[in-house]
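**Student:** Dropping the structure in here first, questions after.
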Amino acid sequence: MSNDKHILYIEDNPGDQELLLIRLEESDFQGEIQIAEGLKAGLAKLKEQTFSLIFLDIELPDSTSLEHTVGDIEQATDTPIIILTGLSDEDIISKIYRNHKPLAVLQKPLPIRQLKSLIREFTCS
């Protein structure tokens, strides 16, 4: 990865967007953060730019299913993906790991230590 670090955050909820921005700041992240407020907007940004890491909410209003959301992003890029979900169903989380290759699946509210560790590992020089 180059020294220019770029994160794409695909999330429709402004409160969740703000929380991740705060966590990135707390982790001493130095780089650019772009927010896409839906799947289509995220896919468009992936066509325009290369990112170091993607945070992806799996419950987006313009997506029809978990498979659609994660599958479309995985087809568009080989960038590491951290999936964020408010769902607590272990079967769904297991299905994500079985059918996809996320770097991590984090349940909301976001686990601060794990989130900071992942951010540092994949974005900080």
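A note on labels: chains of the structure tokens are A, B, ... as shown, every chain counts residues from 1, and ligands are counted from 1 in their shown order.
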Neighbouring residues of A:Leu19 were defined as those with any atom within 12 Å, considering only C-alpha atoms; residues of the same chain fewer than 2 positions away were excluded. Please report them as a PyMOL selection string.

**Tutor:** chain A and resi 9+11+13-17+21-26+108-112+115

**Student:** I want to know what sits within 10 Å of A:Lys40, based on only C-alpha atoms, with residues of the same chain fewer than 6 positions away left out; could you give that as a list of chain:residue names?

**Tutor:** A:Ile10, A:Leu46, A:Leu60, A:Asp62, A:Ser63, A:Thr69, A:Asp72, A:Ile73

**Student:** Go ahead and write the residues just picked, C-alpha atoms, as an mmCIF file, in the first residue's frame.

**Tutor:**
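Writing the result to part_4.cif gives the following:
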data_model
loop_
_atom_site.group_PDB
_atom_site.id
_atom_site.type_symbol
_atom_site.label_atom_id
_atom_site.label_comp_id
_atom_site.auth_asym_id
_atom_site.auth_seq_id
_atom_site.Cartn_x
_atom_site.Cartn_y
_atom_site.Cartn_z
ATOM 1 C CA ILE A 10 -20.501 2.886 2.778
ATOM 2 C CA LEU A 46 -14.843 2.452 -6.361
ATOM 3 C CA LEU A 60 -28.367 -0.316 2.928
ATOM 4 C CA ASP A 62 -30.653 0.565 -2.074
ATOM 5 C CA SER A 63 -29.616 -3.066 -1.682
ATOM 6 C CA THR A 69 -24.484 -5.795 -0.931
ATOM 7 C CA ASP A 72 -21.349 -6.372 -5.531
ATOM 8 C CA ILE A 73 -18.550 -4.737 -3.546
#

**Student:** What parts of stretch 5-102 of chain A does DSSP call helix (DSSP H, G or I)? I'd like the answer as number ranges by chain.

**Tutor:** A: 14-26, 39-48, 66-76, 90-99

**Student:** For C-alpha atoms, I'd like the residues from the last selection saved as a short mmCIF file (atom, residue, chain, number, x, y, z; two decimals), in the first residue's frame.

**Tutor:**
data_model
loop_
_atom_site.label_atom_id
_atom_site.label_comp_id
_atom_site.auth_asym_id
_atom_site.auth_seq_id
_atom_site.Cartn_x
_atom_site.Cartn_y
_atom_site.Cartn_z
CA PRO A 14 -25.42 9.83 9.70
CA GLY A 15 -24.99 8.84 13.38
CA ASP A 16 -23.00 5.75 12.46
CA GLN A 17 -20.97 7.79 9.97
CA GLU A 18 -20.04 10.26 12.70
CA LEU A 19 -19.11 7.52 15.16
CA LEU A 20 -16.67 5.91 12.73
CA LEU A 21 -15.13 9.30 11.91
CA ILE A 22 -14.53 9.84 15.65
CA ARG A 23 -12.96 6.38 15.99
CA LEU A 24 -10.69 7.05 13.01
CA GLU A 25 -9.56 10.30 14.58
CA GLU A 26 -8.91 8.53 17.91
CA LEU A 39 -24.49 0.78 -2.41
CA LYS A 40 -24.77 2.55 -5.77
CA ALA A 41 -22.81 5.54 -4.49
CA GLY A 42 -20.15 3.22 -3.05
CA LEU A 43 -19.78 1.33 -6.32
CA ALA A 44 -19.45 4.64 -8.17
CA LYS A 45 -16.65 5.78 -5.84
CA LEU A 46 -14.84 2.45 -6.36
CA LYS A 47 -14.80 3.16 -10.09
CA GLU A 48 -13.23 6.58 -9.47
CA LEU A 66 -26.82 -9.22 2.21
CA GLU A 67 -25.55 -11.25 -0.76
CA HIS A 68 -26.25 -8.36 -3.10
CA THR A 69 -24.48 -5.80 -0.93
CA VAL A 70 -21.33 -7.74 -0.13
CA GLY A 71 -21.18 -9.56 -3.47
CA ASP A 72 -21.35 -6.37 -5.53
CA ILE A 73 -18.55 -4.74 -3.55
CA GLU A 74 -16.36 -7.85 -3.72
CA GLN A 75 -16.84 -8.02 -7.49
CA ALA A 76 -15.86 -4.36 -7.84
CA GLU A 90 -24.78 -15.48 14.62
CA ASP A 91 -26.16 -17.46 11.66
CA ILE A 92 -26.02 -14.36 9.46
CA ILE A 93 -22.50 -13.54 10.62
CA SER A 94 -21.41 -17.14 9.94
CA LYS A 95 -23.02 -16.93 6.49
CA ILE A 96 -21.01 -13.78 5.73
CA TYR A 97 -17.75 -15.55 6.58
CA ARG A 98 -18.78 -18.70 4.71
CA ASN A 99 -19.81 -16.95 1.48
#

**Student:** When distances are computed from only C-alpha atoms, which of A:Ser27, A:Asp78, A:Asp12, A:Thr64 shows the smallest separation from A:Leu118?

**Tutor:**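 The shortest atom-to-atom distance to A:Leu118 comes from A:Ser27.
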
**Student:** So, with only C-alpha atoms as the atoms that count, which of A:Ile82, A:Leu8, A:Ile119, A:Ala36 lies closest to A:Val105?

**Tutor:**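 The closest residue to A:Val105 is A:Ile82.
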
**Student:** Counting only C-alpha atoms, what is within 6 Å of stretch 52-55 of chain A, bar same-chain residues fewer than 2 positions away, as a list in words?

**Tutor:**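 My list of contacting residues is Lys5, His6, Ile7, Leu8, Tyr9, Thr79, Pro80, Ile81, Ile82 and Ile83 of chain A.
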
**Student:** Expressed in Å to a single decimal, how great is the separation between atom CA of A:Glu121 and atom CA of A:Asp89?

**Tutor:** 27.1 Å

**Student:** If I take atom CA of A:Glu32 and atom CA of A:His100, how far is one from the other in Å, to one decimal?

**Tutor:**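 Straight-line distance from atom CA of A:Glu32 to atom CA of A:His100 works out to 26.1 Å.
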
**Student:** Report the distance between atom CA of A:Leu87 and atom CA of A:Asp57 in Å, rounded to one decimal place.

**Tutor:**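 Computing the Euclidean distance for atom CA of A:Leu87 and atom CA of A:Asp57 yields 10.5 Å.
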